[in-house]
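Asker: Take this structure first; my questions come after.
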Amino acid sequence: MTSVLSLIGREKDLFACDIANNDLEMTDIVSRSSFLVLGGAGSIGQAVTKEIFKRSPKKLHIVDISENNLVELVRDVRSSFGYIKGDFQTFALDIGSIEYDAFIKADGKYDYVLNLSALKHVRSEKDPFTLMRMIDVNIFNTEKTMQQAIEKGSKKYFCVSTDKAANPVNMMGASKRIMEMFLMRRSLDIVISTARFANVAFSDGSLLHSFDQRINKRQPIVAPKDIKRYFVTPQESGQLCLMSCIFGENRDIFFPKLSESLHLITFADIAVKYLSDLGYKPYLCDSEDEARELAKTLPDEGRWPCLFTDSDTTGEKDFEEFFTDNEALDMERFENLGIIKNKPIFVPELISEFEETILQLKRDKIWEKNDIIALFLKMLPNFGHKETGKYLDSKM
């Protein structure tokens, strides 16, 4: 099958030059260090885990809520790289749980803590209850694990952010932007770094990953035709995170430089490439009903029903950006990695008010989505939230 790179319209790995130039130093640091990877069984977490594992760390512990994904991660690592002398273990734990706190209390000694756990879908803002869990995972679990890293004497805390945190228009991106404010506060007590990057091609739960599911289940391929996105491969996401973790200075945010190697492509264009690679020609349908009906017969004729539509759902950003006009950049240190250089600018009273308000809503067990939007707007006065009344769950 055609490589992921080819499907997203590229020929070369994005960070090959930077990895080659810094690999000896990175391997030396990793081999002398201990690591805790939170959310390590997700797509990005697995990619980061592999990048660390193959450089033979002294200790590598992986925590994730998904027992099945952890099992597959271990099988994948063993099948790809074999074994290391260091302490490699996985733990099926919820970061917000008492069991996780006991796990940290029992040892918790790590040089580097990498937090890859997140609720990443724009669709998660459709109801106030999932939205509150997004706040818990993306913001409060980050704050909790930062404090634990500080108490246990870790030298570095890395947390993944998103391109959607730059001038956010959806609650997911805004939650990550607020998370970055929490990071700035704790950067006075521990060295922190983060990364903003593009869509990870074929990551779990992504639209591209759903193409595999639709083919396996003989269902129509559905994609927006008007939205262009930047894509990185899973391996590139792992490389970017580890580079930021190891080489990022305090408060640095790493991001991929825009170049001819990283360009915008529509989901519909990728769908056409994907089907062609499987030997199918796309058949453009006018409705969901038509697409569902034709899925019963067209594949046998070498054609696949597709529904390519304009996007009209809440939270979709018209374009992607990794930084804003008022952020200071270092574009010289690496070939294909840019760095946002941050000062510890935050308003302690505002962060405290955010914490207290969310905790009170949770104590009362009553809140509306508008309550949370109002709080987000107080934190981010320029938050350009787009509410259309339509969500991805209402579509195929």
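Residue names in the structure tokens use chain letters A, B, ... in the order shown, residue numbers from 1 in each chain, and ligand numbers from 1 in the order shown.
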What's around A:Ile8 at 10 Å? Count only C-alpha atoms, leave out sequence neighbours fewer than 3 positions away in its own chain, and write the answer as a CSV table (one decimal) with C-alpha atoms, in the first residue's frame.
Answerer:
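Output file selection-v7.csv follows:
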chain,number,residue,atom,x,y,z
A,3,SER,CA,2.8,5.2,2.3
A,4,VAL,CA,1.0,7.7,4.6
A,5,LEU,CA,3.4,10.3,3.3
A,11,GLU,CA,7.6,12.6,-0.5
A,201,ALA,CA,-2.6,11.4,9.6
A,229,ARG,CA,-5.5,20.9,6.8
A,230,TYR,CA,-1.8,20.3,7.4
A,231,PHE,CA,-0.8,16.7,8.2
A,232,VAL,CA,2.1,15.1,10.0
A,233,THR,CA,2.7,11.3,10.1
A,262,LEU,CA,4.3,20.7,4.7
A,263,HIS,CA,1.3,22.0,2.7
A,264,LEU,CA,-2.4,22.1,2.9
A,265,ILE,CA,-4.5,19.4,1.4
A,266,THR,CA,-8.3,18.7,1.6
A,267,PHE,CA,-9.8,15.6,3.2
A,269,ASP,CA,-8.3,14.9,-2.0
A,270,ILE,CA,-6.8,12.4,0.5
A,271,ALA,CA,-10.0,10.3,0.1
A,273,LYS,CA,-5.8,9.2,-3.3
A,274,TYR,CA,-6.7,6.6,-0.6
Asker: Produce a table with one row for each residue of stretch 293-368 of chain A that has an atom at most 9 Å from any atom of stretch 210-222 of chain A, each row naming the nearest atom pair and its distance in Å at one decimal; use only C-alpha atoms; arrange rows by chain and rising residue number; format as a Markdown table.
Answerer:
| residue | atom | partner | partner_atom | distance |
| --- | --- | --- | --- | --- |
| A:Leu294 | CA | A:Pro220 | CA | 8.3 |
| A:Ala295 | CA | A:Gln219 | CA | 5.7 |
| A:Lys296 | CA | A:Arg218 | CA | 7.5 |
| A:Pro299 | CA | A:Arg218 | CA | 7.9 |
| A:Trp304 | CA | A:Pro220 | CA | 7.0 |
| A:Pro305 | CA | A:Pro220 | CA | 5.2 |
| A:Cys306 | CA | A:Ile221 | CA | 4.8 |
| A:Leu307 | CA | A:Val222 | CA | 4.8 |
| A:Phe308 | CA | A:Val222 | CA | 5.9 |
| A:Thr309 | CA | A:Val222 | CA | 7.9 |
Asker: Restricting the calculation to only C-alpha atoms: of A:Asn370, A:Asn382, A:Ser193, A:Ser34, which residue gets closest to A:Asp127?
Answerer: A:Asn370
Asker: Would you mind listing what lies within 10 Å of A:Leu183 as a PyMOL selection string, with only C-alpha atoms counted and same-chain residues fewer than 4 positions away left out?
Answerer: chain A and resi 139+142-143+146+157-159+177-179+187-188+190-194+251+344+346
Asker: Using DSSP secondary structure from the backbone, list all strand (DSSP E) positions within stretch 85-249 of chain A, as a ChimeraX atom specification.
Answerer: /A:87-92,112-115,156-160,191-195,199-200,221-224,228-229,231-232
Asker: Could you write those residues out with N, CA, C and O atoms, as a tab-separated table (two decimals), in the first residue's frame?
Answerer:
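The resulting file, again15.tsv, is reproduced below:
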chain	number	residue	atom	x	y	z
A	87	ASP	N	14.00	-0.34	32.62
A	87	ASP	CA	12.72	-0.73	33.22
A	87	ASP	C	11.58	-0.22	32.33
A	87	ASP	O	11.29	0.97	32.33
A	88	PHE	N	10.94	-1.14	31.60
A	88	PHE	CA	9.82	-0.78	30.72
A	88	PHE	C	8.55	-1.44	31.23
A	88	PHE	O	8.46	-2.66	31.31
A	89	GLN	N	7.56	-0.61	31.64
A	89	GLN	CA	6.30	-1.14	32.15
A	89	GLN	C	5.14	-0.27	31.68
A	89	GLN	O	5.30	0.92	31.41
A	90	THR	N	3.95	-0.90	31.61
A	90	THR	CA	2.74	-0.16	31.29
A	90	THR	C	1.74	-0.30	32.44
A	90	THR	O	1.72	-1.32	33.14
A	91	PHE	N	0.89	0.74	32.60
A	91	PHE	CA	-0.08	0.76	33.70
A	91	PHE	C	-1.42	1.27	33.17
A	91	PHE	O	-1.49	2.38	32.61
A	92	ALA	N	-2.45	0.46	33.31
A	92	ALA	CA	-3.80	0.84	32.85
A	92	ALA	C	-4.49	1.65	33.95
A	92	ALA	O	-5.22	1.10	34.79
A	112	TYR	N	11.82	12.99	33.15
A	112	TYR	CA	10.93	13.64	32.19
A	112	TYR	C	9.52	13.07	32.32
A	112	TYR	O	9.34	11.86	32.29
A	113	VAL	N	8.55	13.96	32.44
A	113	VAL	CA	7.14	13.57	32.41
A	113	VAL	C	6.53	14.15	31.14
A	113	VAL	O	6.57	15.37	30.91
A	114	LEU	N	5.98	13.27	30.30
A	114	LEU	CA	5.36	13.70	29.05
A	114	LEU	C	3.87	13.40	29.11
A	114	LEU	O	3.47	12.25	29.30
A	115	ASN	N	3.06	14.42	28.96
A	115	ASN	CA	1.61	14.27	29.03
A	115	ASN	C	1.01	14.37	27.63
A	115	ASN	O	0.93	15.45	27.06
A	156	LYS	N	11.83	18.01	34.00
A	156	LYS	CA	11.15	18.59	32.84
A	156	LYS	C	9.74	18.03	32.74
A	156	LYS	O	9.50	16.85	32.98
A	157	TYR	N	8.79	18.90	32.35
A	157	TYR	CA	7.42	18.49	32.09
A	157	TYR	C	7.06	18.93	30.68
A	157	TYR	O	7.15	20.12	30.34
A	158	PHE	N	6.66	17.96	29.87
A	158	PHE	CA	6.21	18.26	28.50
A	158	PHE	C	4.73	17.94	28.38
A	158	PHE	O	4.25	16.93	28.90
A	159	CYS	N	3.99	18.82	27.71
A	159	CYS	CA	2.57	18.57	27.48
A	159	CYS	C	2.23	18.97	26.05
A	159	CYS	O	2.64	20.04	25.59
A	160	VAL	N	1.54	18.11	25.35
A	160	VAL	CA	1.21	18.41	23.96
A	160	VAL	C	0.05	19.39	23.91
A	160	VAL	O	-0.90	19.31	24.67
A	191	VAL	N	10.75	23.30	34.67
A	191	VAL	CA	10.95	23.60	33.25
A	191	VAL	C	9.87	22.88	32.45
A	191	VAL	O	9.69	21.67	32.57
A	192	ILE	N	9.12	23.64	31.66
A	192	ILE	CA	8.06	23.04	30.85
A	192	ILE	C	8.31	23.37	29.37
A	192	ILE	O	8.93	24.37	29.02
A	193	SER	N	7.84	22.50	28.51
A	193	SER	CA	7.83	22.79	27.07
A	193	SER	C	6.62	22.09	26.47
A	193	SER	O	6.03	21.19	27.09
A	194	THR	N	6.25	22.50	25.29
A	194	THR	CA	5.08	21.91	24.66
A	194	THR	C	5.25	21.95	23.14
A	194	THR	O	6.31	22.34	22.64
A	195	ALA	N	4.23	21.50	22.44
A	195	ALA	CA	4.28	21.47	20.97
A	195	ALA	C	2.89	21.70	20.42
A	195	ALA	O	1.91	21.19	20.97
A	199	ASN	N	-2.78	18.02	12.12
A	199	ASN	CA	-3.49	16.75	12.22
A	199	ASN	C	-2.50	15.59	12.04
A	199	ASN	O	-1.64	15.63	11.16
A	200	VAL	N	-2.64	14.57	12.86
A	200	VAL	CA	-1.81	13.38	12.73
A	200	VAL	C	-2.54	12.40	11.82
A	200	VAL	O	-3.62	11.90	12.15
A	221	ILE	N	-17.58	6.60	1.93
A	221	ILE	CA	-16.54	7.52	2.39
A	221	ILE	C	-17.14	8.92	2.40
A	221	ILE	O	-17.67	9.39	1.39
A	222	VAL	N	-17.08	9.59	3.54
A	222	VAL	CA	-17.63	10.94	3.69
A	222	VAL	C	-16.50	11.88	4.12
A	222	VAL	O	-15.72	11.55	5.01
A	223	ALA	N	-16.41	13.05	3.48
A	223	ALA	CA	-15.35	14.00	3.82
A	223	ALA	C	-15.76	15.40	3.39
A	223	ALA	O	-16.48	15.57	2.41
A	224	PRO	N	-15.30	16.42	4.13
A	224	PRO	CA	-15.54	17.80	3.70
A	224	PRO	C	-14.65	18.14	2.50
A	224	PRO	O	-13.49	17.73	2.46
A	228	LYS	N	-9.13	22.60	4.25
A	228	LYS	CA	-7.76	22.16	4.02
A	228	LYS	C	-7.03	22.10	5.36
A	228	LYS	O	-7.22	22.95	6.23
A	229	ARG	N	-6.20	21.09	5.51
A	229	ARG	CA	-5.47	20.91	6.75
A	229	ARG	C	-4.01	20.53	6.47
A	229	ARG	O	-3.69	19.97	5.43
A	231	PHE	N	-0.93	18.07	7.65
A	231	PHE	CA	-0.85	16.74	8.24
A	231	PHE	C	0.61	16.38	8.53
A	231	PHE	O	1.52	16.71	7.77
A	232	VAL	N	0.81	15.70	9.68
A	232	VAL	CA	2.08	15.05	9.96
A	232	VAL	C	1.81	13.56	10.13
A	232	VAL	O	0.68	13.16	10.42
Asker: Closest to A:Lys109 among A:Ile150, A:Ile95, A:Met132, A:Ile62, using only C-alpha atoms?
Answerer: A:Ile150
Asker: Identify which of the residues A:Val71, A:Leu240, A:Ala374, A:Leu337 lies closest to A:Met171, counting only C-alpha atoms when measuring atom-to-atom distances.
Answerer: A:Ala374
Asker: Please, which residues of stretch 28-232 of chain A, numbered as in this document, come out alpha helix (DSSP H) from DSSP, as a ChimeraX atom specification?
Answerer: /A:28-31,43-53,67-81,98-106,128-135,141-151,171-186,207-216
Asker: Generate the output file for the selected residues, C-alpha atoms, as an mmCIF file, in the first residue's frame.
Answerer:
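And here is the file that came out, result.cif:
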data_model
loop_
_atom_site.group_PDB
_atom_site.id
_atom_site.type_symbol
_atom_site.label_atom_id
_atom_site.label_comp_id
_atom_site.auth_asym_id
_atom_site.auth_seq_id
_atom_site.Cartn_x
_atom_site.Cartn_y
_atom_site.Cartn_z
ATOM 1 C CA ASP A 28 22.741 10.064 24.920
ATOM 2 C CA ILE A 29 20.265 12.043 27.035
ATOM 3 C CA VAL A 30 17.495 9.442 26.677
ATOM 4 C CA SER A 31 19.808 6.553 27.551
ATOM 5 C CA SER A 43 -1.668 7.520 18.497
ATOM 6 C CA ILE A 44 0.734 10.310 19.476
ATOM 7 C CA GLY A 45 1.595 8.620 22.773
ATOM 8 C CA GLN A 46 2.551 5.397 21.005
ATOM 9 C CA ALA A 47 4.710 7.331 18.552
ATOM 10 C CA VAL A 48 6.501 9.129 21.395
ATOM 11 C CA THR A 49 6.927 5.857 23.308
ATOM 12 C CA LYS A 50 8.619 4.243 20.303
ATOM 13 C CA GLU A 51 10.980 7.203 19.855
ATOM 14 C CA ILE A 52 12.028 6.926 23.506
ATOM 15 C CA PHE A 53 12.156 3.114 23.645
ATOM 16 C CA GLU A 67 -6.047 -1.456 28.568
ATOM 17 C CA ASN A 68 -6.458 -2.805 25.027
ATOM 18 C CA ASN A 69 -4.330 -0.077 23.456
ATOM 19 C CA LEU A 70 -1.586 -0.700 26.030
ATOM 20 C CA VAL A 71 -1.555 -4.383 25.105
ATOM 21 C CA GLU A 72 -1.184 -3.518 21.431
ATOM 22 C CA LEU A 73 1.546 -0.990 22.229
ATOM 23 C CA VAL A 74 3.619 -3.634 24.026
ATOM 24 C CA ARG A 75 3.119 -6.107 21.168
ATOM 25 C CA ASP A 76 4.104 -3.440 18.643
ATOM 26 C CA VAL A 77 7.212 -2.365 20.559
ATOM 27 C CA ARG A 78 8.372 -5.943 21.136
ATOM 28 C CA SER A 79 7.767 -6.837 17.492
ATOM 29 C CA SER A 80 9.569 -3.731 16.219
ATOM 30 C CA PHE A 81 12.451 -3.213 18.643
ATOM 31 C CA ILE A 98 -6.862 7.680 43.417
ATOM 32 C CA GLU A 99 -5.068 4.631 41.988
ATOM 33 C CA TYR A 100 -2.924 6.894 39.832
ATOM 34 C CA ASP A 101 -2.071 9.063 42.844
ATOM 35 C CA ALA A 102 -1.014 5.935 44.745
ATOM 36 C CA PHE A 103 1.118 4.896 41.753
ATOM 37 C CA ILE A 104 2.925 8.256 41.824
ATOM 38 C CA LYS A 105 3.306 8.142 45.604
ATOM 39 C CA ALA A 106 4.890 4.664 45.421
ATOM 40 C CA PRO A 128 -22.042 20.199 28.574
ATOM 41 C CA PHE A 129 -21.084 16.913 30.247
ATOM 42 C CA THR A 130 -18.463 15.756 27.749
ATOM 43 C CA LEU A 131 -17.265 19.352 27.613
ATOM 44 C CA MET A 132 -16.652 19.311 31.366
ATOM 45 C CA ARG A 133 -14.661 16.097 30.998
ATOM 46 C CA MET A 134 -12.602 17.829 28.291
ATOM 47 C CA ILE A 135 -11.772 20.557 30.816
ATOM 48 C CA ASN A 141 -5.221 16.633 34.880
ATOM 49 C CA THR A 142 -2.381 18.665 33.401
ATOM 50 C CA GLU A 143 -2.296 20.882 36.489
ATOM 51 C CA LYS A 144 -2.396 17.840 38.773
ATOM 52 C CA THR A 145 0.408 15.958 37.023
ATOM 53 C CA MET A 146 2.534 19.109 36.854
ATOM 54 C CA GLN A 147 2.251 19.544 40.608
ATOM 55 C CA GLN A 148 3.182 15.894 41.143
ATOM 56 C CA ALA A 149 6.215 16.272 38.851
ATOM 57 C CA ILE A 150 7.317 19.309 40.859
ATOM 58 C CA GLU A 151 6.876 17.498 44.187
ATOM 59 C CA MET A 171 -13.840 24.765 22.846
ATOM 60 C CA MET A 172 -11.208 22.073 22.362
ATOM 61 C CA GLY A 173 -8.660 24.589 21.048
ATOM 62 C CA ALA A 174 -9.645 27.060 23.773
ATOM 63 C CA SER A 175 -9.197 24.410 26.481
ATOM 64 C CA LYS A 176 -5.660 23.821 25.220
ATOM 65 C CA ARG A 177 -4.957 27.565 25.139
ATOM 66 C CA ILE A 178 -6.124 27.826 28.759
ATOM 67 C CA MET A 179 -3.972 24.784 29.541
ATOM 68 C CA GLU A 180 -0.990 26.732 28.173
ATOM 69 C CA MET A 181 -1.782 29.487 30.713
ATOM 70 C CA PHE A 182 -1.637 26.880 33.496
ATOM 71 C CA LEU A 183 1.707 25.715 32.081
ATOM 72 C CA MET A 184 3.044 29.279 32.219
ATOM 73 C CA ARG A 185 2.105 29.502 35.901
ATOM 74 C CA ARG A 186 3.914 26.280 36.804
ATOM 75 C CA LEU A 207 -11.377 11.193 9.749
ATOM 76 C CA LEU A 208 -8.564 9.521 7.819
ATOM 77 C CA HIS A 209 -8.577 6.603 10.268
ATOM 78 C CA SER A 210 -12.308 6.300 9.655
ATOM 79 C CA PHE A 211 -11.594 5.663 5.959
ATOM 80 C CA ASP A 212 -10.103 2.301 6.987
ATOM 81 C CA GLN A 213 -13.199 1.547 9.046
ATOM 82 C CA ARG A 214 -15.588 2.472 6.235
ATOM 83 C CA ILE A 215 -13.773 0.225 3.768
ATOM 84 C CA ASN A 216 -13.732 -2.699 6.212
#
Asker: Distance atom CA of A:Leu329-atom CA of A:Pro168, one decimal place?
Answerer: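 Atom CA of A:Leu329 sits 19.1 Å away from atom CA of A:Pro168.
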Asker: Give me the residues near A:Ala20 as a PyMOL selection string, where near means some atom within 12 Å (using only C-alpha atoms) and where sequence neighbours in that chain fewer than 4 positions away do not count.
Answerer: chain A and resi 13-16+24-27+239+243+334-335
Asker: Taking C-alpha atoms for each residue, export the selection above as an mmCIF file, in the first residue's frame.
Answerer:
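File produced: again.cif:
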data_model
loop_
_atom_site.group_PDB
_atom_site.id
_atom_site.type_symbol
_atom_site.label_atom_id
_atom_site.label_comp_id
_atom_site.auth_asym_id
_atom_site.auth_seq_id
_atom_site.Cartn_x
_atom_site.Cartn_y
_atom_site.Cartn_z
ATOM 1 C CA ASP A 13 9.899 13.043 6.215
ATOM 2 C CA LEU A 14 9.477 16.488 7.714
ATOM 3 C CA PHE A 15 12.048 16.328 10.507
ATOM 4 C CA ALA A 16 14.646 13.952 9.007
ATOM 5 C CA LEU A 24 23.530 11.521 18.981
ATOM 6 C CA GLU A 25 22.862 14.060 21.718
ATOM 7 C CA MET A 26 19.220 13.022 22.046
ATOM 8 C CA THR A 27 20.109 9.323 22.273
ATOM 9 C CA GLN A 239 9.700 13.084 16.880
ATOM 10 C CA MET A 243 12.562 17.051 20.368
ATOM 11 C CA PHE A 334 16.298 24.019 13.740
ATOM 12 C CA GLU A 335 15.837 23.297 10.054
#
Asker: To one decimal place in Å, what is the distance between atom CA of A:Val347 and atom CA of A:Leu380?
Answerer: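 Going from atom CA of A:Val347 over to atom CA of A:Leu380 covers 11.6 Å.
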Asker: Select, from A:Leu38, A:Leu60, A:Ile246, A:Val137, the residue with the minimum atom-to-atom distance to A:Ser124, counting only C-alpha atoms.
Answerer: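 Going through A:Leu38, A:Leu60, A:Ile246, A:Val137 one by one, the smallest distance to A:Ser124 is for A:Val137.
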Asker: Nearest residue to A:Arg32 out of A:Lys152, A:Ser244, A:Tyr110, A:Asp364, using only C-alpha atoms?
Answerer: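 The answer is A:Tyr110, which sits nearest to A:Arg32.
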